[in-house]
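Containing CSV, C-alpha atoms: protein18.csv.
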```csv
chain,number,residue,atom,x,y,z
A,1,MET,CA,-119.4,45.8,-29.3
A,2,PRO,CA,-115.9,47.3,-28.7
A,3,ASP,CA,-113.4,45.5,-26.5
A,4,GLU,CA,-113.2,46.6,-22.9
A,5,PRO,CA,-110.3,48.9,-22.3
A,6,THR,CA,-107.4,47.1,-20.5
A,7,THR,CA,-105.6,48.6,-17.6
A,8,SER,CA,-102.1,47.8,-16.4
A,9,THR,CA,-100.8,48.1,-12.9
A,10,THR,CA,-97.2,48.6,-12.3
A,11,VAL,CA,-95.9,46.8,-9.1
A,12,PHE,CA,-92.8,48.3,-7.6
A,13,GLU,CA,-90.7,46.0,-5.5
A,14,MET,CA,-88.7,47.6,-2.8
A,15,LYS,CA,-85.0,47.0,-3.2
A,16,ARG,CA,-82.3,47.0,-0.5
A,17,ILE,CA,-79.3,49.2,-1.4
A,18,ALA,CA,-76.3,49.9,0.8
A,19,TYR,CA,-73.8,52.8,0.4
A,20,PHE,CA,-70.3,52.4,2.0
A,21,GLY,CA,-68.8,55.8,2.6
A,22,GLY,CA,-65.1,56.5,2.9
A,23,THR,CA,-62.0,57.7,1.2
A,24,PHE,CA,-60.8,54.2,0.1
A,25,ASP,CA,-57.2,55.4,-0.2
A,26,PRO,CA,-56.6,52.8,-1.5
A,27,VAL,CA,-59.4,50.3,-1.8
A,28,HIS,CA,-58.1,47.0,-0.5
A,29,ASN,CA,-59.3,43.4,-0.1
A,30,GLY,CA,-60.8,44.1,3.3
A,31,HIS,CA,-63.2,46.6,1.7
A,32,LEU,CA,-64.3,44.0,-0.8
A,33,THR,CA,-64.8,41.5,1.9
A,34,ILE,CA,-67.1,43.9,3.7
A,35,ALA,CA,-69.1,44.5,0.5
A,36,ARG,CA,-69.5,40.8,-0.3
A,37,GLU,CA,-70.5,39.8,3.3
A,38,ILE,CA,-72.9,42.7,3.8
A,39,VAL,CA,-74.6,41.8,0.5
A,40,LYS,CA,-75.2,38.3,1.8
A,41,LEU,CA,-76.1,39.2,5.3
A,42,PHE,CA,-78.7,41.8,4.3
A,43,GLU,CA,-79.7,40.1,1.1
A,44,LEU,CA,-79.0,43.3,-0.8
A,45,ASP,CA,-79.9,44.0,-4.3
A,46,LYS,CA,-77.0,46.4,-4.7
A,47,PHE,CA,-74.0,47.6,-2.8
A,48,TYR,CA,-72.2,50.9,-3.7
A,49,PHE,CA,-68.9,52.1,-2.6
A,50,LEU,CA,-69.3,55.9,-2.0
A,51,PRO,CA,-65.9,57.5,-2.2
A,52,ALA,CA,-65.6,61.0,-0.7
A,53,TYR,CA,-64.1,63.9,-2.7
A,54,HIS,CA,-62.4,64.7,0.6
A,55,ALA,CA,-63.8,63.4,3.9
A,56,PRO,CA,-64.8,66.4,6.1
A,57,HIS,CA,-63.6,64.6,9.3
A,58,LYS,CA,-60.1,64.0,7.8
A,59,PRO,CA,-58.8,67.5,7.2
A,60,GLU,CA,-55.2,66.8,8.3
A,61,ARG,CA,-54.2,64.9,5.2
A,62,PRO,CA,-55.2,65.5,1.6
A,63,PRO,CA,-56.2,62.2,0.1
A,64,THR,CA,-55.0,60.8,-3.2
A,65,SER,CA,-56.9,62.5,-6.0
A,66,ALA,CA,-60.6,61.6,-6.3
A,67,PHE,CA,-60.0,60.5,-9.9
A,68,HIS,CA,-57.4,57.9,-8.9
A,69,ARG,CA,-59.5,56.6,-5.9
A,70,PHE,CA,-62.6,56.3,-8.1
A,71,ALA,CA,-60.7,54.6,-10.9
A,72,MET,CA,-59.2,52.0,-8.4
A,73,LEU,CA,-62.7,51.3,-7.0
A,74,CYS,CA,-64.0,50.7,-10.5
A,75,LEU,CA,-61.2,48.3,-11.3
A,76,ALA,CA,-61.7,46.5,-8.0
A,77,THR,CA,-65.5,46.0,-8.5
A,78,ARG,CA,-65.8,45.5,-12.3
A,79,SER,CA,-66.3,41.7,-12.0
A,80,GLU,CA,-68.7,41.9,-9.0
A,81,ALA,CA,-72.3,41.2,-9.8
A,82,ASN,CA,-74.0,43.2,-7.0
A,83,ILE,CA,-71.2,45.7,-6.2
A,84,ALA,CA,-70.6,49.0,-7.9
A,85,VAL,CA,-69.3,52.5,-7.3
A,86,SER,CA,-71.2,55.8,-6.8
A,87,ALA,CA,-69.7,59.0,-8.2
A,88,ILE,CA,-72.2,61.3,-6.4
A,89,GLU,CA,-69.6,62.8,-3.9
A,90,VAL,CA,-66.6,62.7,-6.3
A,91,GLU,CA,-68.5,64.6,-8.9
A,92,SER,CA,-69.4,67.3,-6.5
A,93,GLY,CA,-65.8,68.5,-6.5
A,94,GLN,CA,-66.0,69.5,-2.9
A,95,ARG,CA,-66.2,68.2,0.6
A,96,ARG,CA,-69.6,66.9,1.4
A,97,TYR,CA,-71.2,65.8,4.6
A,98,THR,CA,-73.1,62.6,5.0
A,99,ILE,CA,-76.1,64.4,6.3
A,100,ASP,CA,-76.3,66.1,2.8
A,101,THR,CA,-75.6,63.0,0.7
A,102,LEU,CA,-78.1,60.6,2.3
A,103,PRO,CA,-81.2,62.7,1.7
A,104,GLN,CA,-80.1,63.0,-2.0
A,105,LEU,CA,-79.7,59.2,-2.2
A,106,ARG,CA,-83.1,58.7,-0.6
A,107,ASN,CA,-84.7,61.1,-3.2
A,108,THR,CA,-83.0,59.0,-6.0
A,109,HIS,CA,-84.4,55.8,-4.5
A,110,PRO,CA,-87.7,56.9,-2.9
A,111,LEU,CA,-89.2,53.4,-2.9
A,112,ASP,CA,-86.1,51.5,-1.7
A,113,LYS,CA,-84.5,50.7,1.6
A,114,ILE,CA,-81.2,52.6,1.9
A,115,TYR,CA,-78.5,51.6,4.3
A,116,PHE,CA,-75.3,53.6,5.1
A,117,VAL,CA,-72.3,51.4,5.9
A,118,MET,CA,-69.5,52.6,8.2
A,119,GLY,CA,-66.5,51.0,9.8
A,120,ALA,CA,-65.9,50.8,13.6
A,121,ASP,CA,-63.4,53.6,13.3
A,122,SER,CA,-66.0,55.9,11.9
A,123,TRP,CA,-68.5,54.8,14.6
A,124,ALA,CA,-66.0,55.7,17.3
A,125,GLU,CA,-65.9,59.3,16.1
A,126,ILE,CA,-69.5,59.6,15.0
A,127,THR,CA,-70.2,62.4,17.5
A,128,THR,CA,-67.8,64.6,15.6
A,129,TRP,CA,-69.9,64.3,12.4
A,130,ARG,CA,-72.2,67.1,11.3
A,131,GLU,CA,-75.8,66.6,12.7
A,132,TRP,CA,-74.8,63.1,13.8
A,133,GLU,CA,-77.8,62.4,15.9
A,134,THR,CA,-80.2,63.5,13.2
A,135,LEU,CA,-78.2,61.3,10.8
A,136,LEU,CA,-78.5,58.2,13.0
A,137,LEU,CA,-82.2,58.6,13.9
A,138,ASN,CA,-83.4,59.2,10.3
A,139,PHE,CA,-81.5,56.6,8.3
A,140,ASP,CA,-80.5,53.0,8.5
A,141,HIS,CA,-76.9,52.3,9.3
A,142,ILE,CA,-74.6,49.2,9.3
A,143,VAL,CA,-71.6,49.4,11.5
A,144,VAL,CA,-68.8,46.8,10.7
A,145,THR,CA,-66.5,45.8,13.5
A,146,ARG,CA,-62.8,45.4,13.0
A,147,PRO,CA,-59.8,44.2,15.2
A,148,GLY,CA,-58.6,46.7,17.7
A,149,TYR,CA,-61.9,48.7,17.8
A,150,GLU,CA,-64.4,48.1,20.6
A,151,ILE,CA,-67.9,49.0,19.6
A,152,ARG,CA,-68.9,51.4,22.3
A,153,LEU,CA,-72.4,52.8,22.9
A,154,ASP,CA,-71.7,55.1,25.8
A,155,HIS,CA,-70.7,58.0,23.5
A,156,VAL,CA,-74.2,58.3,21.9
A,157,THR,CA,-77.5,59.4,23.2
A,158,ASP,CA,-80.2,57.2,24.7
A,159,ALA,CA,-82.4,57.7,21.7
A,160,VAL,CA,-79.6,56.4,19.4
A,161,ARG,CA,-78.8,53.4,21.7
A,162,GLU,CA,-82.5,52.4,21.5
A,163,ARG,CA,-82.1,52.0,17.7
A,164,VAL,CA,-79.1,49.6,17.9
A,165,VAL,CA,-79.7,46.0,16.7
A,166,ASP,CA,-76.8,43.7,17.5
A,167,LEU,CA,-76.3,41.2,14.6
A,168,ARG,CA,-72.8,40.0,15.7
A,169,LYS,CA,-72.6,36.2,15.4
A,170,VAL,CA,-75.5,36.3,12.9
A,171,ASP,CA,-74.5,35.1,9.4
A,172,ARG,CA,-77.7,35.7,7.5
A,173,ILE,CA,-80.9,37.7,8.0
A,174,ARG,CA,-83.5,35.1,6.9
A,175,SER,CA,-86.4,37.5,6.3
A,176,LYS,CA,-86.7,40.7,4.2
A,177,THR,CA,-89.4,42.0,6.6
A,178,ASP,CA,-88.1,45.4,7.6
A,179,ILE,CA,-88.0,46.5,11.2
A,180,PRO,CA,-90.0,49.7,11.6
A,181,ASP,CA,-88.2,53.0,12.2
A,182,PHE,CA,-84.5,53.4,11.4
A,183,ARG,CA,-82.0,51.1,13.0
A,184,ILE,CA,-78.2,50.9,13.6
A,185,TYR,CA,-77.1,47.3,12.9
A,186,LEU,CA,-73.8,46.0,14.4
A,187,THR,CA,-72.2,43.2,12.5
A,188,ASP,CA,-69.0,41.2,12.6
A,189,ALA,CA,-69.8,39.4,9.4
A,190,ALA,CA,-66.8,41.0,7.6
A,191,PHE,CA,-64.1,41.0,10.2
A,192,PHE,CA,-60.8,42.1,8.6
A,193,ASP,CA,-57.5,43.5,9.8
A,194,THR,CA,-56.2,45.6,6.9
A,195,SER,CA,-55.6,49.3,7.5
A,196,ALA,CA,-55.5,51.7,4.5
A,197,THR,CA,-53.2,54.0,6.5
A,198,ALA,CA,-50.7,51.3,7.3
A,199,LEU,CA,-50.9,50.0,3.7
A,200,ARG,CA,-50.1,53.5,2.3
A,201,ASP,CA,-47.2,53.8,4.7
A,202,ASP,CA,-45.7,50.5,3.6
A,203,LEU,CA,-46.2,51.2,-0.1
A,204,ASN,CA,-44.5,54.5,0.5
A,205,ASP,CA,-41.6,52.7,2.1
A,206,GLY,CA,-41.3,50.3,-0.9
A,207,HIS,CA,-42.8,47.3,1.0
A,208,LEU,CA,-44.5,45.9,-2.1
A,209,GLU,CA,-45.2,42.6,-0.4
A,210,ARG,CA,-48.3,44.3,0.9
A,211,ASP,CA,-49.6,44.0,-2.7
A,212,ASN,CA,-51.4,40.8,-1.7
A,213,GLU,CA,-53.8,42.9,0.4
A,214,LEU,CA,-54.9,44.7,-2.8
A,215,PRO,CA,-57.0,43.6,-5.7
A,216,THR,CA,-54.6,42.6,-8.5
A,217,GLU,CA,-55.8,45.3,-10.9
A,218,VAL,CA,-55.5,48.0,-8.1
A,219,ALA,CA,-51.9,46.9,-7.3
A,220,LYS,CA,-51.0,47.3,-11.0
A,221,TYR,CA,-52.7,50.7,-11.2
A,222,ILE,CA,-50.8,51.9,-8.1
A,223,GLU,CA,-47.5,50.7,-9.7
A,224,LYS,CA,-48.3,52.3,-13.1
A,225,TYR,CA,-49.1,55.7,-11.7
A,226,GLU,CA,-46.5,55.5,-8.9
A,227,LEU,CA,-49.0,56.3,-6.2
A,228,TYR,CA,-48.1,56.3,-2.5
A,229,ARG,CA,-44.4,56.7,-3.3
```
Can I see the file as structure tokens?
Amino acid sequence: MPDEPTTSTTVFEMKRIAYFGGTFDPVHNGHLTIAREIVKLFELDKFYFLPAYHAPHKPERPPTSAFHRFAMLCLATRSEANIAVSAIEVESGQRRYTIDTLPQLRNTHPLDKIYFVMGADSWAEITTWREWETLLLNFDHIVVTRPGYEIRLDHVTDAVRERVVDLRKVDRIRSKTDIPDFRIYLTDAAFFDTSATALRDDLNDGHLERDNELPTEVAKYIEKYELYR
């Protein structure tokens, strides 16, 4: 009598993945602090920096070339176990809106939980983003506080405010049980006081003592290619 055929069942485990959007011009130690602390707080499987080719909401100043910014991020994260860099927006070669990028990422990870990370400065101007309410109501977001920025809620709609979950003063989410619907999480787990704008200005003025705010390999890269001079 022939053996009974065997069947195999593939079990897919949902992963938690965060994408931190921005220009990262340049990436500094504050950005890395955010990544490490968010990985711990949300028990993430992966954290990606998501450098923009050119952020649509910053039209007044052309950023350093996407190639240099991507290269610096790769140098800054190459020894990080759970932190990497996504090239999806850089490779597009054009300005992209977050409302276009996040659906693409969701299609890439249809079985996973996707979070979009933004700083308090981005949250303050969120109503200027394309289709901002649709963006906030249909994806999970993590808003990271920083000195000098008050996290306001009066500039968004009631529907958005109802999705806010305040995790400030919380150092670890103990359960991976996901809250239904999409939420906007506020956290102060990665409180830092480094400004990329001020850093660029100081590097331009020759104040290289600010190098201690940069990952070592990034500082060497900036010096080698004479960036921000």
Minimum-distance residue to Tyr48 (chain A), chosen among A:Ala190, A:Ile184, A:Val117, A:Val85 (using only C-alpha atoms):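 Looking at the shortest contact to Tyr48 (chain A), the residue is A:Val85.
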For a test of reading the model, state the distance in Å between CA of Gly21 (chain A) and CA of Asn204 (chain A), rounded to one decimal.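 Result for CA of Gly21 (chain A) versus CA of Asn204 (chain A): 24.4 Å, one decimal.
Going from CA of Arg152 (chain A) to CA of Ala189 (chain A) covers 17.6 Å.
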Atom pair CA of Thr127 (chain A) / CA of Thr64 (chain A): separation (Å):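 CA of Thr64 (chain A) lies at a distance of 25.7 Å from CA of Thr127 (chain A).
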With 10 Å as the threshold, what does the neighbourhood of (-66.7, 55.0, 11.0) contain in terms of residues, counting only C-alpha atoms? Coordinates are those of the file; answer as a PyMOL selection string. chain A and resi 21-22+117-126+129+142-145
Nearest-residue call for Leu50 (chain A), choices A:Ala18, A:Leu136, A:Ala81, A:Leu75, using all atoms listed in the file: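 Under the stated criterion, the closest residue is A:Ala18.
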Go through A:Thr108, A:Ala35, A:Thr23, A:Lys40 one by one, measure the shortest atom-to-atom distance of each to Phe192 (chain A) using only C-alpha atoms, and give the residue with the smallest value. A:Ala35
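Within 9 Å of region 221-229 of chain A, once all atoms listed in the file are used and residues closer than 3 positions along the same chain are dropped, the contacting residues are Pro26, Thr64, His68, Ala71, Met72, Leu75, Arg200, Asp201, Asp202, Leu203, Asn204, Asp205, Gly206, Thr216, Glu217 and Val218 of chain A.
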Can you pull out the residues contacting Arg96 (chain A)? Cut-off 8 Å, using all atoms listed in the file, and skip same-chain residues under 3 positions away; I want them as a PyMOL selection string. chain A and resi 52-56+89+92+100-101
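Counting all atoms listed in the file, the residue from A:Arg36, A:Lys220, A:His28, A:Arg95 that sits nearest to Pro62 (chain A) is A:Arg95.
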For the point (-61.6, 43.5, 0.7) in file coordinates, what residues are within 12 Å, counting only C-alpha atoms? Give the answer as a PyMOL selection string? chain A and resi 24+26-38+49+73+76-77+190-196+212-216+218
Would you mind writing region 84-97 of chain A with N, CA and C atoms, as a PDB file, keeping the file's coordinate frame?
```pdb
ATOM      1  N   ALA A  84     -70.923  47.985  -6.941  1.00  0.00           N
ATOM      2  CA  ALA A  84     -70.600  49.000  -7.900  1.00  0.00           C
ATOM      3  C   ALA A  84     -70.024  50.238  -7.160  1.00  0.00           C
ATOM      4  N   VAL A  85     -69.817  51.326  -7.883  1.00  0.00           N
ATOM      5  CA  VAL A  85     -69.300  52.500  -7.300  1.00  0.00           C
ATOM      6  C   VAL A  85     -70.167  53.722  -7.630  1.00  0.00           C
ATOM      7  N   SER A  86     -70.444  54.541  -6.629  1.00  0.00           N
ATOM      8  CA  SER A  86     -71.200  55.800  -6.800  1.00  0.00           C
ATOM      9  C   SER A  86     -70.308  56.959  -6.946  1.00  0.00           C
ATOM     10  N   ALA A  87     -70.580  57.819  -7.925  1.00  0.00           N
ATOM     11  CA  ALA A  87     -69.700  59.000  -8.200  1.00  0.00           C
ATOM     12  C   ALA A  87     -70.339  60.265  -7.571  1.00  0.00           C
ATOM     13  N   ILE A  88     -71.408  60.137  -6.791  1.00  0.00           N
ATOM     14  CA  ILE A  88     -72.200  61.300  -6.400  1.00  0.00           C
ATOM     15  C   ILE A  88     -71.323  62.323  -5.589  1.00  0.00           C
ATOM     16  N   GLU A  89     -70.432  61.849  -4.716  1.00  0.00           N
ATOM     17  CA  GLU A  89     -69.600  62.800  -3.900  1.00  0.00           C
ATOM     18  C   GLU A  89     -68.392  63.229  -4.696  1.00  0.00           C
ATOM     19  N   VAL A  90     -67.801  62.338  -5.455  1.00  0.00           N
ATOM     20  CA  VAL A  90     -66.600  62.700  -6.300  1.00  0.00           C
ATOM     21  C   VAL A  90     -66.974  63.768  -7.274  1.00  0.00           C
ATOM     22  N   GLU A  91     -68.138  63.610  -7.914  1.00  0.00           N
ATOM     23  CA  GLU A  91     -68.500  64.600  -8.900  1.00  0.00           C
ATOM     24  C   GLU A  91     -68.875  65.947  -8.371  1.00  0.00           C
ATOM     25  N   SER A  92     -69.126  66.023  -7.079  1.00  0.00           N
ATOM     26  CA  SER A  92     -69.400  67.300  -6.500  1.00  0.00           C
ATOM     27  C   SER A  92     -68.240  68.261  -6.497  1.00  0.00           C
ATOM     28  N   GLY A  93     -67.026  67.681  -6.494  1.00  0.00           N
ATOM     29  CA  GLY A  93     -65.800  68.500  -6.500  1.00  0.00           C
ATOM     30  C   GLY A  93     -65.549  69.260  -5.255  1.00  0.00           C
ATOM     31  N   GLN A  94     -66.167  68.852  -4.157  1.00  0.00           N
ATOM     32  CA  GLN A  94     -66.000  69.500  -2.900  1.00  0.00           C
ATOM     33  C   GLN A  94     -66.247  68.593  -1.725  1.00  0.00           C
ATOM     34  N   ARG A  95     -65.871  69.027  -0.539  1.00  0.00           N
ATOM     35  CA  ARG A  95     -66.200  68.200   0.600  1.00  0.00           C
ATOM     36  C   ARG A  95     -67.706  68.202   0.837  1.00  0.00           C
ATOM     37  N   ARG A  96     -68.217  67.015   1.097  1.00  0.00           N
ATOM     38  CA  ARG A  96     -69.600  66.900   1.400  1.00  0.00           C
ATOM     39  C   ARG A  96     -69.818  66.137   2.680  1.00  0.00           C
ATOM     40  N   TYR A  97     -70.895  66.501   3.374  1.00  0.00           N
ATOM     41  CA  TYR A  97     -71.200  65.800   4.600  1.00  0.00           C
ATOM     42  C   TYR A  97     -72.244  64.733   4.357  1.00  0.00           C
TER      43      TYR A  97
END
```
